[in-house]
Structure formats: structure tokens, C-alpha cells
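For reference, the structure is listed below as C-alpha cells.
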Amino acid sequence: MKQSLPLTELDARYSDPKAAAADWTEAVGRLRSAETFWLTTVRPDGRPHVTPLIAVWHDEALHFCTGADERKARNLRHNQEVVLTTGVNSLSEGSDVVIEGEAVRVTDESHLRSLAGAYVEKYGKEWTFDVRDGVFVGDGGEALVFQVAPRTAFGFAKGEVFGQTRWRFTQ
């Protein structure tokens, strides 16, 4: 999947006068290196559900996996719109990145094998998956895999020069 560079805007309402819009390539670097993400899905009754998980940035999208009977997978059967968030637990330094998009199931075995390699590369051998019948297979059983290509993303710079950047993608 190849995306063009997003439209980038600094939101001056929520930014220090000295702030500049963050570069998307810097945000991608944070997405690649982040170990933990927070996934927000929507329950069938409309209530939000948030859970921490691991994810990999691969082919211009974030990818995560989940057991078919887990709450997030059940939610995605009804509503594929999600938010993935990562960042630092500090107000005085660092930055946060928020990705909004649609969670699309990945079943292509070639793509899944590539993603399985990306998990091992990022998280180590403990996160080794086999690929069979369109799913990851590991110590915990079978896991569905989803990809979220950003439709809109936000970057929140923290510290003395704080800023809010919005990236909009055309897909």
C-alpha cells in the first residue's frame, strides 16, 4: 500500500506561538519505535472500549492482532472505525501520535508472513507467529490481523513549545 504524503496543518488554537507543524516522517518514526499502543473500538451498544496492545507499522499502516473472541474483535464485527494512540506519559516532554482509520482484516498469507516477520523484528522471538488459513497462529492460539491506514492523524508535541499537528490523507 502506497500513500502520498498527507496534508499537514498546525492547529494554532492548541499550539504555542513558536510551534511549527510536525513532519509526518517524524511521526512515522514514533509509530515504528513505539512498543505500546492504545486501541479504541466501539461496542455494539455505542460505548467505547479501550485496550493496550502491541502493533507494527508496515506498508504505510499500523497492524495489530487479536483473538477472534476478544472484545476488540467482537466490536470490529459491528464497527471497523478505530483510533490507535501512542506517546509518553508526561506533559513536559515528548509527543503523542493518534491515528484514526478503518480496521481492515488482513488474510493474504504473503502479507501475513511479512507482518509476522515485522513482529519478530520489533518485539523479539517471543512474538513469533505461524501463518495458517488467513490468521496468525501462536502460543495463544489463533489471532485475526487488522491493518489501519491513517485517514487522519494527530501529533501532540509537549513541553515548552507545545503544538498540535493534523495530517489528512487521501486514500
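If you're wondering about the labels, chains in the C-alpha cells are A, B, ... by order shown, residues count from 1 in each chain, ligands from 1 in order shown.
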(message) Quick check for you: according to DSSP on this backbone, which residues of segment 12-130 of chain A are classed as strand (DSSP E)? Reply as an NGL selection string.
(response) :A and (37-42 or 48-53 or 56-58 or 61-66 or 81-86 or 95-106 or 130)
(message) Env of Gly67 of chain A: 7 Å cut, atoms = only C-alpha atoms, seq-sep filter 3 positions within chain, self excluded. Answer as an MDAnalysis selection string.
(response) chainID A and resid 70 73 142:144
(message) Can you pull out the residues contacting segment 131-137 of chain A? Cut-off 12 Å, using only C-alpha atoms, and skip same-chain residues under 4 positions away; I want them as a list in words.
(response)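 Listing them by chain and then by number gives Phe64, Cys65, Thr66, Gly67, Ala68, Arg105, Val106, Thr107, Asp108, Glu109, Ser110, His111, Leu112, Arg113, Ser114, Leu115, Ala116, Gly117, Tyr119, Trp127, Gly141, Glu142, Ala143, Leu144, Val145 and Phe146 of chain A.
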Could you please take those selected residues and save N, CA and C atoms as a short mmCIF file (atom, residue, chain, number, x, y, z; two decimals), in the first residue's frame?
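Result file is result.cif:
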```cif
data_model
loop_
_atom_site.label_atom_id
_atom_site.label_comp_id
_atom_site.auth_asym_id
_atom_site.auth_seq_id
_atom_site.Cartn_x
_atom_site.Cartn_y
_atom_site.Cartn_z
N PHE A 64 -2.29 -4.71 13.96
CA PHE A 64 -2.41 -5.34 15.28
C PHE A 64 -3.14 -6.66 15.11
N CYS A 65 -3.04 -7.50 16.14
CA CYS A 65 -3.74 -8.77 16.08
C CYS A 65 -4.51 -8.99 17.38
N THR A 66 -5.52 -9.86 17.29
CA THR A 66 -6.39 -10.14 18.43
C THR A 66 -7.09 -11.48 18.23
N GLY A 67 -7.38 -12.14 19.33
CA GLY A 67 -8.17 -13.36 19.25
C GLY A 67 -9.58 -13.05 18.76
N ALA A 68 -10.16 -13.98 18.04
CA ALA A 68 -11.48 -13.76 17.44
C ALA A 68 -12.58 -13.51 18.47
N ARG A 105 -9.42 -6.25 7.95
CA ARG A 105 -8.85 -7.57 8.21
C ARG A 105 -7.84 -7.93 7.13
N VAL A 106 -6.70 -8.47 7.54
CA VAL A 106 -5.65 -8.95 6.63
C VAL A 106 -5.72 -10.47 6.62
N THR A 107 -5.93 -11.06 5.45
CA THR A 107 -5.99 -12.51 5.34
C THR A 107 -5.02 -13.06 4.29
N ASP A 108 -4.44 -12.20 3.47
CA ASP A 108 -3.48 -12.64 2.46
C ASP A 108 -2.26 -13.23 3.15
N GLU A 109 -1.97 -14.48 2.85
CA GLU A 109 -0.92 -15.18 3.59
C GLU A 109 0.47 -14.61 3.34
N SER A 110 0.74 -14.10 2.16
CA SER A 110 2.03 -13.47 1.90
C SER A 110 2.20 -12.21 2.77
N HIS A 111 1.14 -11.41 2.83
CA HIS A 111 1.16 -10.20 3.66
C HIS A 111 1.29 -10.59 5.14
N LEU A 112 0.58 -11.63 5.56
CA LEU A 112 0.65 -12.07 6.95
C LEU A 112 2.06 -12.56 7.31
N ARG A 113 2.72 -13.29 6.39
CA ARG A 113 4.08 -13.75 6.67
C ARG A 113 5.02 -12.56 6.82
N SER A 114 4.85 -11.54 5.99
CA SER A 114 5.66 -10.33 6.10
C SER A 114 5.43 -9.65 7.45
N LEU A 115 4.17 -9.58 7.86
CA LEU A 115 3.84 -8.98 9.16
C LEU A 115 4.39 -9.81 10.31
N ALA A 116 4.33 -11.13 10.20
CA ALA A 116 4.88 -11.99 11.25
C ALA A 116 6.36 -11.69 11.44
N GLY A 117 7.07 -11.50 10.34
CA GLY A 117 8.48 -11.13 10.42
C GLY A 117 8.68 -9.78 11.07
N TYR A 119 6.77 -8.42 13.37
CA TYR A 119 6.56 -8.58 14.81
C TYR A 119 7.82 -9.09 15.49
N TRP A 127 7.40 -13.17 20.12
CA TRP A 127 6.24 -12.79 19.32
C TRP A 127 6.32 -13.42 17.93
N GLY A 141 -2.89 -19.37 20.54
CA GLY A 141 -3.93 -19.81 19.62
C GLY A 141 -3.94 -18.97 18.36
N GLU A 142 -5.11 -18.85 17.75
CA GLU A 142 -5.24 -18.10 16.51
C GLU A 142 -5.53 -16.63 16.80
N ALA A 143 -5.01 -15.76 15.93
CA ALA A 143 -5.25 -14.33 16.07
C ALA A 143 -5.59 -13.74 14.70
N LEU A 144 -6.65 -12.96 14.68
CA LEU A 144 -7.01 -12.18 13.50
C LEU A 144 -6.05 -11.00 13.42
N VAL A 145 -5.72 -10.60 12.19
CA VAL A 145 -4.82 -9.47 11.99
C VAL A 145 -5.58 -8.37 11.27
N PHE A 146 -5.38 -7.13 11.73
CA PHE A 146 -6.02 -5.96 11.15
C PHE A 146 -4.98 -4.91 10.79
#
```
(message) I'd like to know which of A:Phe129, A:Trp57, A:Phe37, A:Phe169 is closest to Thr8 of chain A, using only C-alpha atoms.
(response) A:Phe169
(request) Rank nothing, just name the residue among A:Thr40, A:Gln147, A:Thr85, A:Thr165 nearest to Val97 of chain A, using only C-alpha atoms. (result)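 Ranked by minimum distance to Val97 of chain A, first place goes to A:Thr85.
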(request) Provide the atom CA of Asp69 of chain A to atom CA of Val82 of chain A distance in Å, to one decimal place. (result)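 Going from atom CA of Asp69 of chain A over to atom CA of Val82 of chain A, I get 17.7 Å.
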Do you know which residues are at most 6 Å from Val148 of chain A counting only C-alpha atoms, after dropping those on the same chain fewer than 3 positions away, and could you put them as a compact mmCIF listing (two decimals) with all heavy atoms, in the first residue's frame?
```
# COMPACT_ATOMS: atom_id res chain seq x y z
N ALA A 61 0.84 1.47 7.16
CA ALA A 61 -0.32 1.28 8.03
C ALA A 61 0.14 0.64 9.34
O ALA A 61 1.18 -0.02 9.39
CB ALA A 61 -1.36 0.38 7.37
N LEU A 62 -0.65 0.85 10.40
CA LEU A 62 -0.44 0.13 11.66
C LEU A 62 -1.17 -1.20 11.58
O LEU A 62 -2.27 -1.28 11.01
CB LEU A 62 -0.98 0.95 12.84
CG LEU A 62 -0.04 1.94 13.46
CD1 LEU A 62 -0.76 2.78 14.51
CD2 LEU A 62 1.18 1.28 14.06
N GLY A 101 -8.77 5.67 11.67
CA GLY A 101 -8.98 4.97 10.41
C GLY A 101 -9.88 3.77 10.58
O GLY A 101 -10.48 3.55 11.63
N GLU A 102 -9.95 2.98 9.52
CA GLU A 102 -10.77 1.78 9.49
C GLU A 102 -9.88 0.56 9.67
O GLU A 102 -8.86 0.43 8.98
CB GLU A 102 -11.50 1.69 8.15
CG GLU A 102 -12.39 0.49 8.00
CD GLU A 102 -13.06 0.43 6.65
OE1 GLU A 102 -12.79 1.28 5.79
OE2 GLU A 102 -13.86 -0.51 6.45
N ALA A 103 -10.24 -0.33 10.57
CA ALA A 103 -9.51 -1.57 10.79
C ALA A 103 -9.98 -2.59 9.75
O ALA A 103 -11.13 -3.02 9.77
CB ALA A 103 -9.73 -2.09 12.20
```
(request) Might you pull out every residue within 12 Å of Gly155 of chain A, with only C-alpha atoms counted and same-chain residues fewer than 3 positions away left off, and present them as a ChimeraX atom specification? (result) /A:8-11,14-15,20-28,30-31,85-88,94-100,152,158,162-168
Write the residues of the selection above to a file with N, CA, C and O atoms, as a compact mmCIF listing (two decimals), in the first residue's frame.
```
# COMPACT_ATOMS: atom_id res chain seq x y z
N THR A 8 -0.61 18.60 5.81
CA THR A 8 -0.15 18.84 7.17
C THR A 8 -0.56 20.23 7.62
O THR A 8 -0.31 21.21 6.91
N GLU A 9 -1.18 20.32 8.80
CA GLU A 9 -1.63 21.61 9.33
C GLU A 9 -1.31 21.71 10.81
O GLU A 9 -1.57 20.78 11.56
N LEU A 10 -0.77 22.84 11.22
CA LEU A 10 -0.62 23.15 12.64
C LEU A 10 -1.91 23.82 13.09
O LEU A 10 -2.38 24.76 12.44
N ASP A 11 -2.48 23.35 14.18
CA ASP A 11 -3.67 23.99 14.74
C ASP A 11 -3.22 25.03 15.75
O ASP A 11 -2.86 24.70 16.89
N TYR A 14 -4.33 25.37 19.51
CA TYR A 14 -3.82 24.49 20.55
C TYR A 14 -2.30 24.39 20.53
O TYR A 14 -1.74 23.39 20.97
N SER A 15 -1.65 25.42 20.01
CA SER A 15 -0.21 25.39 19.85
C SER A 15 0.44 26.66 20.37
O SER A 15 -0.15 27.74 20.32
N ALA A 20 5.82 24.83 15.24
CA ALA A 20 5.70 24.57 13.80
C ALA A 20 5.05 23.20 13.64
O ALA A 20 5.13 22.35 14.53
N ALA A 21 4.40 23.00 12.51
CA ALA A 21 3.78 21.71 12.24
C ALA A 21 4.84 20.62 12.25
O ALA A 21 5.95 20.80 11.76
N ALA A 22 4.50 19.50 12.84
CA ALA A 22 5.42 18.36 12.89
C ALA A 22 5.44 17.67 11.53
O ALA A 22 4.45 17.66 10.80
N ASP A 23 6.58 17.11 11.21
CA ASP A 23 6.76 16.40 9.95
C ASP A 23 6.20 14.99 10.07
O ASP A 23 6.43 14.31 11.08
N TRP A 24 5.49 14.52 9.05
CA TRP A 24 4.90 13.18 9.08
C TRP A 24 5.96 12.10 9.23
O TRP A 24 5.76 11.10 9.91
N THR A 25 7.12 12.28 8.61
CA THR A 25 8.16 11.26 8.72
C THR A 25 8.62 11.09 10.17
O THR A 25 8.97 9.98 10.58
N GLU A 26 8.60 12.15 10.95
CA GLU A 26 8.93 12.03 12.38
C GLU A 26 7.86 11.23 13.11
O GLU A 26 8.16 10.41 13.98
N ALA A 27 6.60 11.47 12.76
CA ALA A 27 5.51 10.71 13.38
C ALA A 27 5.63 9.23 13.04
O ALA A 27 5.44 8.37 13.90
N VAL A 28 5.97 8.92 11.79
CA VAL A 28 6.15 7.52 11.39
C VAL A 28 7.27 6.89 12.20
O VAL A 28 7.17 5.74 12.63
N ARG A 30 8.06 7.59 15.22
CA ARG A 30 7.50 7.29 16.54
C ARG A 30 6.61 6.05 16.49
O ARG A 30 6.61 5.22 17.39
N LEU A 31 5.81 5.93 15.42
CA LEU A 31 4.95 4.76 15.26
C LEU A 31 5.78 3.48 15.12
O LEU A 31 5.43 2.44 15.67
N THR A 85 -3.52 5.06 19.57
CA THR A 85 -2.78 6.15 20.21
C THR A 85 -1.49 5.60 20.81
O THR A 85 -1.48 4.50 21.36
N THR A 86 -0.43 6.38 20.71
CA THR A 86 0.81 6.06 21.40
C THR A 86 1.48 7.36 21.81
O THR A 86 1.19 8.42 21.25
N GLY A 87 2.35 7.28 22.79
CA GLY A 87 3.03 8.50 23.23
C GLY A 87 3.75 8.30 24.54
O GLY A 87 4.14 7.19 24.88
N VAL A 88 3.91 9.39 25.24
CA VAL A 88 4.62 9.37 26.52
C VAL A 88 3.70 9.84 27.63
O VAL A 88 2.79 10.63 27.39
N GLY A 94 8.36 15.18 25.04
CA GLY A 94 7.93 14.11 24.15
C GLY A 94 6.75 14.51 23.28
O GLY A 94 6.43 15.70 23.14
N SER A 95 6.14 13.52 22.70
CA SER A 95 4.98 13.76 21.85
C SER A 95 4.10 12.51 21.79
O SER A 95 4.55 11.42 22.08
N ASP A 96 2.87 12.72 21.41
CA ASP A 96 1.90 11.65 21.24
C ASP A 96 1.46 11.64 19.78
O ASP A 96 1.44 12.68 19.12
N VAL A 97 1.07 10.46 19.30
CA VAL A 97 0.54 10.32 17.94
C VAL A 97 -0.78 9.57 18.03
O VAL A 97 -0.87 8.55 18.72
N VAL A 98 -1.78 10.06 17.32
CA VAL A 98 -3.11 9.46 17.28
C VAL A 98 -3.45 9.17 15.82
O VAL A 98 -3.34 10.07 14.98
N ILE A 99 -3.85 7.94 15.54
CA ILE A 99 -4.23 7.52 14.19
C ILE A 99 -5.71 7.19 14.18
O ILE A 99 -6.17 6.39 15.00
N GLU A 100 -6.45 7.78 13.26
CA GLU A 100 -7.86 7.44 13.06
C GLU A 100 -7.99 6.73 11.71
O GLU A 100 -7.38 7.17 10.73
N THR A 152 -6.88 10.15 9.15
CA THR A 152 -6.46 11.39 9.81
C THR A 152 -5.54 10.98 10.95
O THR A 152 -5.75 9.95 11.58
N LYS A 158 4.79 18.10 23.23
CA LYS A 158 4.66 18.53 24.62
C LYS A 158 5.94 19.23 25.07
O LYS A 158 6.99 19.06 24.48
N PHE A 162 4.71 23.61 22.81
CA PHE A 162 3.71 22.58 22.57
C PHE A 162 2.99 22.88 21.25
O PHE A 162 2.91 24.03 20.82
N GLY A 163 2.48 21.84 20.63
CA GLY A 163 1.79 22.05 19.36
C GLY A 163 0.92 20.88 18.99
O GLY A 163 1.15 19.75 19.44
N GLN A 164 -0.08 21.17 18.17
CA GLN A 164 -0.97 20.12 17.66
C GLN A 164 -0.95 20.16 16.15
O GLN A 164 -1.31 21.16 15.54
N THR A 165 -0.49 19.06 15.56
CA THR A 165 -0.45 18.93 14.11
C THR A 165 -1.52 17.93 13.67
O THR A 165 -1.73 16.92 14.33
N ARG A 166 -2.18 18.25 12.56
CA ARG A 166 -3.13 17.30 11.96
C ARG A 166 -2.61 16.92 10.58
O ARG A 166 -2.20 17.77 9.81
N TRP A 167 -2.62 15.62 10.32
CA TRP A 167 -2.27 15.11 8.99
C TRP A 167 -3.52 14.47 8.40
O TRP A 167 -4.16 13.63 9.02
N ARG A 168 -3.85 14.90 7.19
CA ARG A 168 -5.02 14.33 6.48
C ARG A 168 -4.55 13.59 5.25
O ARG A 168 -3.79 14.12 4.45
```
